[in-house]
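Undergrad: Shown below is the structure under consideration.
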Amino acid sequence: MGVREEIMQHVPRLRRYARALVRDHDLADDLVQDTLERGLRNTARFRPGSDLRAWLSTIMHNVFVNQISKLAWHAPHVQVEEVAESEFAIYDNHSQSLEVRDIDDALQKLSTEQREVILLVALDEMSYAEVASALQIPIGTVMSRLSRARERLRELMPDSEYGEKRKVVS
């Protein structure tokens, strides 16, 4: 199987990551399309034997960083109610739906850098080394951002399994 065919196998993962990253289906689809276009155009630059998933994540990260400055004030935040209606959302009960909404809200409050790292590690199940390679940052920075993101999520998710109830000390 050639690189082009292998790239196409990663489309579902790229779409999932893009949607989690930008929270707007149209912008996410544009991001995936731009990533695929750039990846397919540059297949000669891919080193056989290296991690194609990390290579595509690097491309997506670079496209995202380039586009975010242009789209920052145009990109609306999609409310979780709209996301819950998507074809990917299946909920057994109301409390699970509320928990997903709370997690979504908390993720949106993270900085872009922290959200990227936590999504690549938790959603895409990439190793720290793969994330560092994809984002072109040192592995220590990955660990630092991930640690800060997890701590921030704990603060933002009180009374759940992800956070703990914080006592206010006066």
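We label chains A, B, ... in the order they appear in the structure tokens, count residues from 1 in each chain, and number ligands from 1 in the order shown.
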May I have the residues within 6 Å of segment 107-122 of chain A as a ChimeraX atom specification, using only C-alpha atoms and disregarding those fewer than 3 positions away in the same chain?

TA: /A:104,125-126,145-146,149

Undergrad: Those same residues - N, CA and C atoms - I'd like them written as a compact mmCIF listing (two decimals), in the first residue's frame.

TA:
```txt
# COMPACT_ATOMS: atom_id res chain seq x y z
N ASP A 104 -16.71 19.34 27.61
CA ASP A 104 -16.53 20.20 26.44
C ASP A 104 -16.30 21.64 26.86
N GLU A 125 -4.55 9.08 21.50
CA GLU A 125 -3.70 8.10 22.19
C GLU A 125 -2.26 8.10 21.67
N MET A 126 -1.75 9.30 21.40
CA MET A 126 -0.37 9.42 20.95
C MET A 126 0.55 9.44 22.17
N ARG A 145 2.71 21.02 29.52
CA ARG A 145 1.39 21.46 29.06
C ARG A 145 0.31 20.46 29.47
N LEU A 146 0.63 19.19 29.37
CA LEU A 146 -0.33 18.17 29.75
C LEU A 146 -0.63 18.22 31.24
N ALA A 149 -2.74 21.27 31.84
CA ALA A 149 -4.09 21.06 31.30
C ALA A 149 -4.90 20.16 32.21
```

Undergrad: Could you check the closest approach to Val22 of chain A for each of A:Arg53, A:Glu6, A:Arg41, A:His61 and tell me which residue wins, using only C-alpha atoms?

TA: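 That would be A:His61, the residue with the smallest distance to Val22 of chain A.
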
Undergrad: Restricting the calculation to only C-alpha atoms, which member of A:Arg152, A:Thr58, A:Leu36, A:Gly49 is positioned closest to Ala106 of chain A?

TA: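 Comparing A:Arg152, A:Thr58, A:Leu36, A:Gly49 against Ala106 of chain A, the winner is A:Arg152.
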
Undergrad: Counting only C-alpha atoms, what is within 12 Å of segment 45-48 of chain A, bar same-chain residues fewer than 2 positions away, as a PyMOL selection string?

TA: chain A and resi 1-4+6-7+38-43+50-56+58-59

Undergrad: Just to confirm, what's the straight-line distance from atom CA of Tyr17 of chain A to atom CA of Leu123 of chain A in Å (one decimal)?

TA: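 According to the coordinates, atom CA of Tyr17 of chain A and atom CA of Leu123 of chain A are separated by 7.3 Å.
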
Undergrad: Using only C-alpha atoms, which of the listed residues (A:Ile137, A:Val63, A:Ala132, A:Met157) sits closest to Asp102 of chain A?

TA: A:Met157

Undergrad: If you measure from atom CA of Tyr128 of chain A to atom CA of Glu155 of chain A, what distance in Å do you get, rounded to one decimal?

TA: 23.2 Å

Undergrad: I want to know what sits within 8 Å of Leu14 of chain A, based on only C-alpha atoms, with residues of the same chain fewer than 4 positions away left out; could you give that as a list in words?

TA: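 Within the cut-off, the hits are His10, Ala18, Val32 and Ser57 of chain A.
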
Undergrad: Between A:Ile139, A:Val131, A:Leu156, A:Phe64, which residue has the minimum interatomic distance to Leu21 of chain A, considering only C-alpha atoms?

TA: A:Phe64

Undergrad: Do you have the atom CA of Asn66 of chain A-atom CA of Pro138 of chain A distance handy?

TA: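 Between atom CA of Asn66 of chain A and atom CA of Pro138 of chain A the gap is 20.1 Å.
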
Undergrad: Which is closest to Ile103 of chain A among A:Leu153, A:Leu31, A:Glu37, A:Arg23, if we use only C-alpha atoms?

TA: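 The answer is A:Leu153, which sits nearest to Ile103 of chain A.
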